[in-house]
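Undergrad: PDB, C-alpha atoms, pLDDT in the B column, saved as input-v3.pdb, coming up:
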ATOM      1  CA  MET A   1      49.357  89.193-114.269  1.00 48.00           C
ATOM      2  CA  GLN A   2      51.222  91.347-111.733  1.00 48.00           C
ATOM      3  CA  ARG A   3      48.332  93.813-111.626  1.00 46.00           C
ATOM      4  CA  ARG A   4      45.893  90.979-110.969  1.00 44.00           C
ATOM      5  CA  MET A   5      48.080  89.585-108.192  1.00 42.00           C
ATOM      6  CA  ARG A   6      48.244  93.022-106.566  1.00 47.00           C
ATOM      7  CA  ARG A   7      44.435  93.246-106.670  1.00 48.00           C
ATOM      8  CA  ILE A   8      44.149  89.829-105.040  1.00 42.00           C
ATOM      9  CA  ALA A   9      46.696  90.772-102.369  1.00 44.00           C
ATOM     10  CA  THR A  10      44.840  94.020-101.662  1.00 45.00           C
ATOM     11  CA  ALA A  11      41.535  92.184-101.399  1.00 44.00           C
ATOM     12  CA  LEU A  12      43.027  89.630 -99.019  1.00 41.00           C
ATOM     13  CA  ALA A  13      44.503  92.385 -96.867  1.00 45.00           C
ATOM     14  CA  THR A  14      41.117  94.114 -96.694  1.00 44.00           C
ATOM     15  CA  VAL A  15      39.354  90.897 -95.693  1.00 36.00           C
ATOM     16  CA  THR A  16      42.016  90.180 -93.068  1.00 42.00           C
ATOM     17  CA  THR A  17      41.716  93.681 -91.593  1.00 39.00           C
ATOM     18  CA  THR A  18      37.929  93.422 -91.495  1.00 41.00           C
ATOM     19  CA  LEU A  19      38.097  90.073 -89.728  1.00 35.00           C
ATOM     20  CA  LEU A  20      40.586  91.367 -87.185  1.00 37.00           C
ATOM     21  CA  LEU A  21      38.444  94.422 -86.452  1.00 39.00           C
ATOM     22  CA  SER A  22      35.401  92.208 -86.124  1.00 44.00           C
ATOM     23  CA  LEU A  23      37.159  89.878 -83.720  1.00 39.00           C
ATOM     24  CA  SER A  24      38.469  92.813 -81.700  1.00 41.00           C
ATOM     25  CA  PHE A  25      34.990  94.320 -81.490  1.00 36.00           C
ATOM     26  CA  SER A  26      33.503  90.975 -80.472  1.00 39.00           C
ATOM     27  CA  ALA A  27      36.131  90.511 -77.784  1.00 39.00           C
ATOM     28  CA  SER A  28      35.498  93.998 -76.435  1.00 39.00           C
ATOM     29  CA  SER A  29      31.753  93.408 -76.442  1.00 39.00           C
ATOM     30  CA  ALA A  30      32.178  90.090 -74.650  1.00 39.00           C
ATOM     31  CA  GLN A  31      34.396  91.719 -72.058  1.00 42.00           C
ATOM     32  CA  ALA A  32      31.907  94.521 -71.508  1.00 45.00           C
ATOM     33  CA  ALA A  33      29.142  91.982 -71.021  1.00 52.00           C
ATOM     34  CA  THR A  34      30.946  90.057 -68.300  1.00 76.00           C
ATOM     35  CA  HIS A  35      29.861  92.302 -65.407  1.00 92.00           C
ATOM     36  CA  ASN A  36      27.418  90.782 -62.970  1.00 97.00           C
ATOM     37  CA  PRO A  37      24.565  93.170 -62.243  1.00 98.00           C
ATOM     38  CA  VAL A  38      25.179  94.945 -58.932  1.00 98.00           C
ATOM     39  CA  VAL A  39      22.328  95.299 -56.420  1.00 98.00           C
ATOM     40  CA  PHE A  40      22.913  97.953 -53.738  1.00 98.00           C
ATOM     41  CA  VAL A  41      21.187  97.777 -50.334  1.00 98.00           C
ATOM     42  CA  HIS A  42      21.120 100.879 -48.105  1.00 98.00           C
ATOM     43  CA  GLY A  43      20.888 101.033 -44.339  1.00 97.00           C
ATOM     44  CA  LEU A  44      18.829 102.591 -41.545  1.00 96.00           C
ATOM     45  CA  SER A  45      17.289 106.010 -42.172  1.00 93.00           C
ATOM     46  CA  SER A  46      18.554 106.050 -45.748  1.00 95.00           C
ATOM     47  CA  SER A  47      17.493 105.411 -49.344  1.00 96.00           C
ATOM     48  CA  SER A  48      18.766 104.393 -52.763  1.00 97.00           C
ATOM     49  CA  SER A  49      20.275 107.878 -53.228  1.00 96.00           C
ATOM     50  CA  SER A  50      23.006 106.994 -50.719  1.00 97.00           C
ATOM     51  CA  TRP A  51      24.623 105.008 -53.552  1.00 98.00           C
ATOM     52  CA  ASP A  52      24.655 107.832 -56.116  1.00 98.00           C
ATOM     53  CA  ASP A  53      28.409 108.405 -55.839  1.00 97.00           C
ATOM     54  CA  TRP A  54      29.308 104.749 -56.266  1.00 98.00           C
ATOM     55  CA  VAL A  55      26.855 104.282 -59.121  1.00 98.00           C
ATOM     56  CA  ALA A  56      28.620 107.156 -60.883  1.00 98.00           C
ATOM     57  CA  TYR A  57      32.022 105.585 -60.153  1.00 98.00           C
ATOM     58  CA  PHE A  58      30.897 102.217 -61.542  1.00 98.00           C
ATOM     59  CA  LYS A  59      29.591 103.890 -64.691  1.00 97.00           C
ATOM     60  CA  ALA A  60      32.882 105.723 -65.139  1.00 97.00           C
ATOM     61  CA  ASP A  61      34.598 102.336 -64.961  1.00 96.00           C
ATOM     62  CA  GLY A  62      32.493 100.809 -67.720  1.00 95.00           C
ATOM     63  CA  TYR A  63      29.340  99.521 -66.049  1.00 97.00           C
ATOM     64  CA  THR A  64      26.022 100.354 -67.701  1.00 96.00           C
ATOM     65  CA  SER A  65      22.849 101.616 -66.068  1.00 95.00           C
ATOM     66  CA  ALA A  66      21.274  98.217 -66.723  1.00 95.00           C
ATOM     67  CA  GLU A  67      23.990  96.620 -64.570  1.00 97.00           C
ATOM     68  CA  LEU A  68      23.501  98.910 -61.548  1.00 98.00           C
ATOM     69  CA  HIS A  69      20.427  98.594 -59.316  1.00 98.00           C
ATOM     70  CA  SER A  70      19.939 100.709 -56.212  1.00 97.00           C
ATOM     71  CA  TRP A  71      16.518 100.596 -54.569  1.00 95.00           C
ATOM     72  CA  SER A  72      14.670 101.931 -51.528  1.00 97.00           C
ATOM     73  CA  TYR A  73      12.685 100.036 -48.916  1.00 98.00           C
ATOM     74  CA  ASP A  74      10.908 100.748 -45.613  1.00 97.00           C
ATOM     75  CA  TRP A  75      13.932 100.716 -43.304  1.00 97.00           C
ATOM     76  CA  GLY A  76      11.788 100.591 -40.151  1.00 97.00           C
ATOM     77  CA  GLN A  77      10.324  97.162 -40.922  1.00 98.00           C
ATOM     78  CA  SER A  78      11.800  93.818 -39.934  1.00 98.00           C
ATOM     79  CA  ASN A  79      14.974  92.899 -41.784  1.00 98.00           C
ATOM     80  CA  ALA A  80      13.313  89.578 -42.591  1.00 98.00           C
ATOM     81  CA  THR A  81      10.580  91.448 -44.484  1.00 98.00           C
ATOM     82  CA  THR A  82      13.210  93.469 -46.340  1.00 98.00           C
ATOM     83  CA  ALA A  83      15.024  90.233 -47.186  1.00 98.00           C
ATOM     84  CA  ALA A  84      11.902  88.921 -48.925  1.00 98.00           C
ATOM     85  CA  GLN A  85      11.672  92.165 -50.903  1.00 98.00           C
ATOM     86  CA  LEU A  86      15.362  91.896 -51.773  1.00 98.00           C
ATOM     87  CA  LYS A  87      14.727  88.387 -53.082  1.00 98.00           C
ATOM     88  CA  ALA A  88      11.993  89.762 -55.363  1.00 98.00           C
ATOM     89  CA  LYS A  89      14.313  92.571 -56.482  1.00 98.00           C
ATOM     90  CA  ILE A  90      17.134  90.181 -57.358  1.00 98.00           C
ATOM     91  CA  ASP A  91      14.740  87.836 -59.163  1.00 98.00           C
ATOM     92  CA  SER A  92      13.549  90.830 -61.197  1.00 98.00           C
ATOM     93  CA  VAL A  93      17.097  91.965 -62.012  1.00 98.00           C
ATOM     94  CA  ARG A  94      18.093  88.483 -63.112  1.00 97.00           C
ATOM     95  CA  ALA A  95      14.992  88.184 -65.287  1.00 97.00           C
ATOM     96  CA  SER A  96      15.526  91.567 -66.952  1.00 95.00           C
ATOM     97  CA  THR A  97      19.267  91.103 -67.565  1.00 95.00           C
ATOM     98  CA  GLY A  98      19.461  87.369 -68.181  1.00 96.00           C
ATOM     99  CA  ALA A  99      22.231  87.123 -65.584  1.00 97.00           C
ATOM    100  CA  ALA A 100      22.593  83.898 -63.636  1.00 97.00           C
ATOM    101  CA  LYS A 101      23.940  85.720 -60.588  1.00 98.00           C
ATOM    102  CA  VAL A 102      24.274  89.229 -59.171  1.00 98.00           C
ATOM    103  CA  ASP A 103      26.734  90.955 -56.854  1.00 98.00           C
ATOM    104  CA  VAL A 104      25.244  92.456 -53.683  1.00 98.00           C
ATOM    105  CA  VAL A 105      26.859  95.540 -52.129  1.00 98.00           C
ATOM    106  CA  VAL A 106      25.438  96.776 -48.818  1.00 98.00           C
ATOM    107  CA  HIS A 107      25.895  99.506 -46.257  1.00 98.00           C
ATOM    108  CA  SER A 108      25.271  99.417 -42.513  1.00 98.00           C
ATOM    109  CA  MET A 109      21.971  97.706 -41.604  1.00 98.00           C
ATOM    110  CA  GLY A 110      21.606  96.576 -45.220  1.00 98.00           C
ATOM    111  CA  ALA A 111      23.963  93.742 -44.269  1.00 98.00           C
ATOM    112  CA  LEU A 112      21.296  92.148 -42.068  1.00 98.00           C
ATOM    113  CA  SER A 113      18.490  91.784 -44.624  1.00 98.00           C
ATOM    114  CA  SER A 114      20.981  90.743 -47.311  1.00 98.00           C
ATOM    115  CA  ARG A 115      22.586  88.088 -45.147  1.00 98.00           C
ATOM    116  CA  TYR A 116      19.136  86.846 -44.101  1.00 98.00           C
ATOM    117  CA  TYR A 117      18.328  86.449 -47.805  1.00 98.00           C
ATOM    118  CA  LEU A 118      21.542  84.529 -48.374  1.00 98.00           C
ATOM    119  CA  LYS A 119      21.111  82.253 -45.360  1.00 98.00           C
ATOM    120  CA  ASN A 120      17.358  81.656 -45.278  1.00 98.00           C
ATOM    121  CA  LEU A 121      15.842  82.479 -48.678  1.00 98.00           C
ATOM    122  CA  GLY A 122      18.093  80.594 -51.084  1.00 98.00           C
ATOM    123  CA  GLY A 123      20.172  83.629 -52.014  1.00 98.00           C
ATOM    124  CA  THR A 124      23.478  81.771 -52.157  1.00 98.00           C
ATOM    125  CA  SER A 125      22.353  80.257 -55.480  1.00 98.00           C
ATOM    126  CA  TYR A 126      21.950  83.675 -57.095  1.00 98.00           C
ATOM    127  CA  VAL A 127      24.711  85.824 -55.576  1.00 98.00           C
ATOM    128  CA  ASP A 128      28.310  85.689 -56.773  1.00 98.00           C
ATOM    129  CA  ASP A 129      29.920  88.302 -54.507  1.00 98.00           C
ATOM    130  CA  PHE A 130      28.633  89.867 -51.273  1.00 98.00           C
ATOM    131  CA  VAL A 131      30.255  93.068 -50.009  1.00 98.00           C
ATOM    132  CA  SER A 132      29.472  94.685 -46.669  1.00 98.00           C
ATOM    133  CA  THR A 133      30.580  98.272 -45.990  1.00 98.00           C
ATOM    134  CA  ALA A 134      30.244  99.344 -42.350  1.00 98.00           C
ATOM    135  CA  GLY A 135      27.888  96.385 -41.953  1.00 98.00           C
ATOM    136  CA  VAL A 136      26.234  95.947 -38.555  1.00 98.00           C
ATOM    137  CA  ASN A 137      26.912  92.246 -38.780  1.00 98.00           C
ATOM    138  CA  HIS A 138      27.119  91.544 -35.054  1.00 98.00           C
ATOM    139  CA  GLY A 139      25.023  94.424 -33.795  1.00 97.00           C
ATOM    140  CA  THR A 140      25.664  97.718 -32.084  1.00 97.00           C
ATOM    141  CA  THR A 141      24.576  99.227 -28.787  1.00 96.00           C
ATOM    142  CA  VAL A 142      24.125 102.537 -30.610  1.00 95.00           C
ATOM    143  CA  ALA A 143      20.825 101.063 -31.800  1.00 96.00           C
ATOM    144  CA  GLY A 144      19.547 101.598 -28.282  1.00 93.00           C
ATOM    145  CA  TRP A 145      18.225 105.033 -29.272  1.00 92.00           C
ATOM    146  CA  CYS A 146      15.759 103.575 -31.766  1.00 94.00           C
ATOM    147  CA  ARG A 147      15.162  99.991 -30.636  1.00 94.00           C
ATOM    148  CA  TRP A 148      11.826 100.987 -29.100  1.00 94.00           C
ATOM    149  CA  LEU A 149      10.668 102.739 -32.253  1.00 96.00           C
ATOM    150  CA  TYR A 150      11.568 100.457 -35.154  1.00 97.00           C
ATOM    151  CA  THR A 151      11.614  96.681 -35.503  1.00 97.00           C
ATOM    152  CA  SER A 152      14.703  96.840 -37.696  1.00 97.00           C
ATOM    153  CA  CYS A 153      16.573  98.837 -35.094  1.00 97.00           C
ATOM    154  CA  SER A 154      15.628  96.416 -32.341  1.00 98.00           C
ATOM    155  CA  GLU A 155      16.957  93.573 -34.484  1.00 98.00           C
ATOM    156  CA  MET A 156      20.363  95.182 -34.913  1.00 97.00           C
ATOM    157  CA  TYR A 157      20.813  95.894 -31.200  1.00 97.00           C
ATOM    158  CA  THR A 158      23.671  93.839 -29.775  1.00 97.00           C
ATOM    159  CA  GLY A 159      22.528  90.428 -28.570  1.00 96.00           C
ATOM    160  CA  SER A 160      19.091  90.482 -30.242  1.00 98.00           C
ATOM    161  CA  SER A 161      17.442  87.165 -31.082  1.00 98.00           C
ATOM    162  CA  PHE A 162      17.547  88.168 -34.756  1.00 98.00           C
ATOM    163  CA  LEU A 163      21.341  88.560 -34.688  1.00 98.00           C
ATOM    164  CA  THR A 164      21.817  85.409 -32.634  1.00 98.00           C
ATOM    165  CA  SER A 165      19.929  83.397 -35.253  1.00 98.00           C
ATOM    166  CA  LEU A 166      21.579  85.152 -38.207  1.00 98.00           C
ATOM    167  CA  ASN A 167      25.098  84.538 -36.904  1.00 98.00           C
ATOM    168  CA  SER A 168      24.571  80.982 -35.723  1.00 97.00           C
ATOM    169  CA  GLY A 169      26.568  78.389 -37.629  1.00 96.00           C
ATOM    170  CA  ASP A 170      28.287  79.526 -40.832  1.00 97.00           C
ATOM    171  CA  GLU A 171      28.401  83.323 -41.172  1.00 98.00           C
ATOM    172  CA  THR A 172      29.410  83.090 -44.832  1.00 98.00           C
ATOM    173  CA  PRO A 173      27.331  80.247 -46.298  1.00 98.00           C
ATOM    174  CA  GLY A 174      27.456  78.807 -49.798  1.00 98.00           C
ATOM    175  CA  SER A 175      29.958  79.416 -52.572  1.00 98.00           C
ATOM    176  CA  VAL A 176      29.483  83.211 -52.419  1.00 98.00           C
ATOM    177  CA  SER A 177      32.648  85.331 -52.108  1.00 98.00           C
ATOM    178  CA  TYR A 178      32.248  87.526 -49.019  1.00 98.00           C
ATOM    179  CA  ALA A 179      34.049  90.739 -48.071  1.00 98.00           C
ATOM    180  CA  SER A 180      33.557  93.183 -45.219  1.00 98.00           C
ATOM    181  CA  TYR A 181      35.102  96.657 -45.183  1.00 98.00           C
ATOM    182  CA  TRP A 182      35.156  98.355 -41.789  1.00 98.00           C
ATOM    183  CA  SER A 183      36.461 101.516 -40.176  1.00 98.00           C
ATOM    184  CA  ASN A 184      38.413 101.732 -36.927  1.00 96.00           C
ATOM    185  CA  CYS A 185      36.580 104.931 -35.915  1.00 96.00           C
ATOM    186  CA  ASP A 186      32.977 104.069 -36.806  1.00 96.00           C
ATOM    187  CA  ASP A 187      30.760 105.874 -34.280  1.00 94.00           C
ATOM    188  CA  ALA A 188      27.703 103.891 -35.377  1.00 96.00           C
ATOM    189  CA  LEU A 189      29.272 100.512 -34.573  1.00 95.00           C
ATOM    190  CA  THR A 190      30.205  99.579 -31.025  1.00 93.00           C
ATOM    191  CA  PRO A 191      32.565  97.908 -31.220  1.00 94.00           C
ATOM    192  CA  ASP A 192      33.951  98.677 -34.689  1.00 94.00           C
ATOM    193  CA  THR A 193      34.848  95.015 -35.085  1.00 96.00           C
ATOM    194  CA  SER A 194      31.134  94.159 -35.154  1.00 96.00           C
ATOM    195  CA  ALA A 195      31.495  94.464 -38.931  1.00 97.00           C
ATOM    196  CA  ILE A 196      33.880  91.507 -39.190  1.00 98.00           C
ATOM    197  CA  LEU A 197      32.437  88.325 -40.712  1.00 98.00           C
ATOM    198  CA  SER A 198      33.933  84.938 -40.004  1.00 98.00           C
ATOM    199  CA  GLY A 199      35.026  83.383 -43.299  1.00 97.00           C
ATOM    200  CA  ALA A 200      35.001  86.663 -45.241  1.00 98.00           C
ATOM    201  CA  THR A 201      37.774  88.851 -46.591  1.00 98.00           C
ATOM    202  CA  ASN A 202      37.797  91.463 -43.820  1.00 98.00           C
ATOM    203  CA  VAL A 203      39.473  94.775 -44.620  1.00 98.00           C
ATOM    204  CA  GLU A 204      40.124  97.555 -42.113  1.00 98.00           C
ATOM    205  CA  VAL A 205      40.090 100.765 -44.174  1.00 98.00           C
ATOM    206  CA  GLY A 206      41.365 103.147 -41.510  1.00 97.00           C
ATOM    207  CA  CYS A 207      39.396 106.009 -40.012  1.00 97.00           C
ATOM    208  CA  VAL A 208      36.382 106.661 -42.235  1.00 97.00           C
ATOM    209  CA  ALA A 209      33.070 107.958 -40.884  1.00 97.00           C
ATOM    210  CA  HIS A 210      30.138 105.535 -40.953  1.00 97.00           C
ATOM    211  CA  ASN A 211      28.107 107.483 -43.501  1.00 95.00           C
ATOM    212  CA  ASP A 212      31.150 108.019 -45.725  1.00 97.00           C
ATOM    213  CA  MET A 213      31.914 104.312 -46.111  1.00 97.00           C
ATOM    214  CA  ASN A 214      29.723 103.994 -49.208  1.00 97.00           C
ATOM    215  CA  ASN A 215      30.820 107.327 -50.677  1.00 95.00           C
ATOM    216  CA  ASP A 216      34.578 107.023 -50.297  1.00 97.00           C
ATOM    217  CA  HIS A 217      36.346 106.551 -53.646  1.00 98.00           C
ATOM    218  CA  GLY A 218      39.252 104.574 -52.225  1.00 98.00           C
ATOM    219  CA  ILE A 219      36.902 102.030 -50.657  1.00 98.00           C
ATOM    220  CA  TYR A 220      34.919 101.937 -53.884  1.00 98.00           C
ATOM    221  CA  GLN A 221      38.051 100.954 -55.794  1.00 98.00           C
ATOM    222  CA  GLN A 222      38.684  98.062 -53.417  1.00 98.00           C
ATOM    223  CA  VAL A 223      35.070  96.909 -53.712  1.00 98.00           C
ATOM    224  CA  ARG A 224      35.130  97.163 -57.514  1.00 98.00           C
ATOM    225  CA  ASN A 225      38.306  95.108 -57.649  1.00 97.00           C
ATOM    226  CA  PHE A 226      36.822  92.501 -55.319  1.00 98.00           C
ATOM    227  CA  ILE A 227      33.714  91.927 -57.427  1.00 98.00           C
ATOM    228  CA  ALA A 228      35.495  92.243 -60.799  1.00 91.00           C
TER     229      ALA A 228
END
Go through the file and emit its structure as structure tokens.

TA:
Amino acid sequence: MQRRMRRIATALATVTTTLLLSLSFSASSAQAATHNPVVFVHGLSSSSSSWDDWVAYFKADGYTSAELHSWSYDWGQSNATTAAQLKAKIDSVRASTGAAKVDVVVHSMGALSSRYYLKNLGGTSYVDDFVSTAGVNHGTTVAGWCRWLYTSCSEMYTGSSFLTSLNSGDETPGSVSYASYWSNCDDALTPDTSAILSGATNVEVGCVAHNDMNNDHGIYQQVRNFIA
């Protein structure tokens, strides 16, 4: 009888351990699956490769390749045209991942097309978090060098009709969580405070060069924590 009871106790212990391991695995899998896909949008005279460092950082912190989407577009075209392409990109990401919403992380001029998508193309229904790094949200006079060459550059020149329309009314529409990270020594933004968005979490990161804003690991950590 004692031998039989020991066998039963051993069997019960095995079943209990198996169930606990299964539950632990399921919990870990559920946690790993909670990331929104991240769509990265580059700026003027750039490409998807400008996000290589951050993509690597996200992967090191548990994101999968399927959750990270950097893409290239014709940066000389109107930001409104890029916004329509961004809409198609986000629709594609949502379809391929099954995610209801994505997080959008942008650099520099990428803020303009992304915000146009949010404001004018229904993007607030499909974006959970929006993060601008060195975003030219209110324009820059530095764009004077290229405003005659590229439509996009003309649109981000301070006081342009594109910016006036984009920033009219609510700068942070919908239920999206907005953040803007900006440097106090950004030579590409005049003034530096052009990056600030009314209604967003605005974070001055200190003196970081414009083209380092989406490479810097410290800023990455703040962005990751914001969209987590």

Undergrad: Given the file shown, enumerate the residues that the PyMOL selection byres ((chain A and resi 69-72) around 7) captures and present them as a VMD selection string.

TA: chain A and resid 38 to 41 47 to 48 51 67 to 68 73

Undergrad: Env of Gly206 in chain A: 9 Å cut, atoms = only C-alpha atoms, seq-sep filter 5 positions within chain, self excluded. Answer as a compact mmCIF listing (two decimals) with C-alpha atoms, keeping the file's coordinate frame.

TA:
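What landed in part-v3.txt:
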# COMPACT_ATOMS: atom_id res chain seq x y z
CA TRP A 182 35.16 98.36 -41.79
CA SER A 183 36.46 101.52 -40.18
CA ASN A 184 38.41 101.73 -36.93
CA CYS A 185 36.58 104.93 -35.92

Undergrad: Evaluate the PyMOL selection byres ((chain A and resi 153) around 9) against this structure - the residues, as a VMD selection string, please.

TA: chain A and resid 44 75 to 78 109 143 to 152 154 to 157

Undergrad: In Å, with one decimal, what is the gap from CA of Asn225 in chain A to CA of Asn167 in chain A?

TA: 26.8 Å

Undergrad: Just the number, please: distance in Å from CA of Pro173 in chain A to CA of Gly123 in chain A, one decimal.

TA: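 CA of Gly123 in chain A lies at a distance of 9.8 Å from CA of Pro173 in chain A.
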
Undergrad: Do you know which residues the PyMOL selection byres ((chain A and resi 114) around 12) returns on this file, as number ranges by chain?

TA: A: 39-43, 79-87, 89-90, 103-113, 115-124, 127, 129-132, 135-137, 166, 172, 178

Undergrad: At what distance in Å, to one decimal, does CA of Ser165 in chain A lie from CA of Thr190 in chain A?

TA: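 Spanning CA of Thr190 in chain A to CA of Ser165 in chain A is a straight-line distance of 19.6 Å.
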
Undergrad: Near Thr193 in chain A, within 12 Å and counting all atoms listed in the file, which residues show up once chain neighbours fewer than 2 positions away are dropped, as a ChimeraX atom specification?

TA: /A:134-140,180-191,195-198,202-205

Undergrad: Might I get the box with edges along x, y and z of the file that holds all atoms of range 60-68 of chain A listed there, padded by 3 Å on every side, given as centre and edge lengths in Å to one decimal, as lines of an AutoDock Vina configuration file?

TA:
center_x = 27.9
center_y = 101.2
center_z = -64.6
size_x = 19.3
size_y = 15.1
size_z = 12.2

Undergrad: Just want the 9 Å neighbourhood of Tyr57 in chain A, counted on only C-alpha atoms, with same-chain residues fewer than 6 positions away dropped. Output as a ChimeraX atom specification.

TA: /A:63,217,220-221

Undergrad: Looking at A:Gln222, A:Asn36, A:Asn215, A:Ser194, which one is nearest to Gly98 in chain A, with distances taken over all atoms listed in the file?

TA: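 Nearest candidate to Gly98 in chain A out of A:Gln222, A:Asn36, A:Asn215, A:Ser194: A:Asn36.
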
Undergrad: For Pro37 in chain A, which residue out of A:Val93, A:Asp170, A:Asp61, A:Ala56 is the nearest one, using all atoms listed in the file?

TA: A:Val93

Undergrad: So which one's closest to His35 in chain A, A:Asp91, A:Asp74, A:Asp128, A:Asp53? Using only C-alpha atoms, please.

TA: A:Asp128

Undergrad: Taking into account all atoms listed in the file, which residue in the set A:Ala66, A:Gly174, A:Val223, A:Asn211 is nearest to Thr97 in chain A?

TA: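 Among the listed residues, the smallest separation from Thr97 in chain A belongs to A:Ala66.
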
Undergrad: Of the candidates A:Met213, A:Val142, A:Gly62, A:Ala179, which one gets nearest to Gly199 in chain A if we count all atoms listed in the file?

TA: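 Smallest separation from Gly199 in chain A among the options: A:Ala179.
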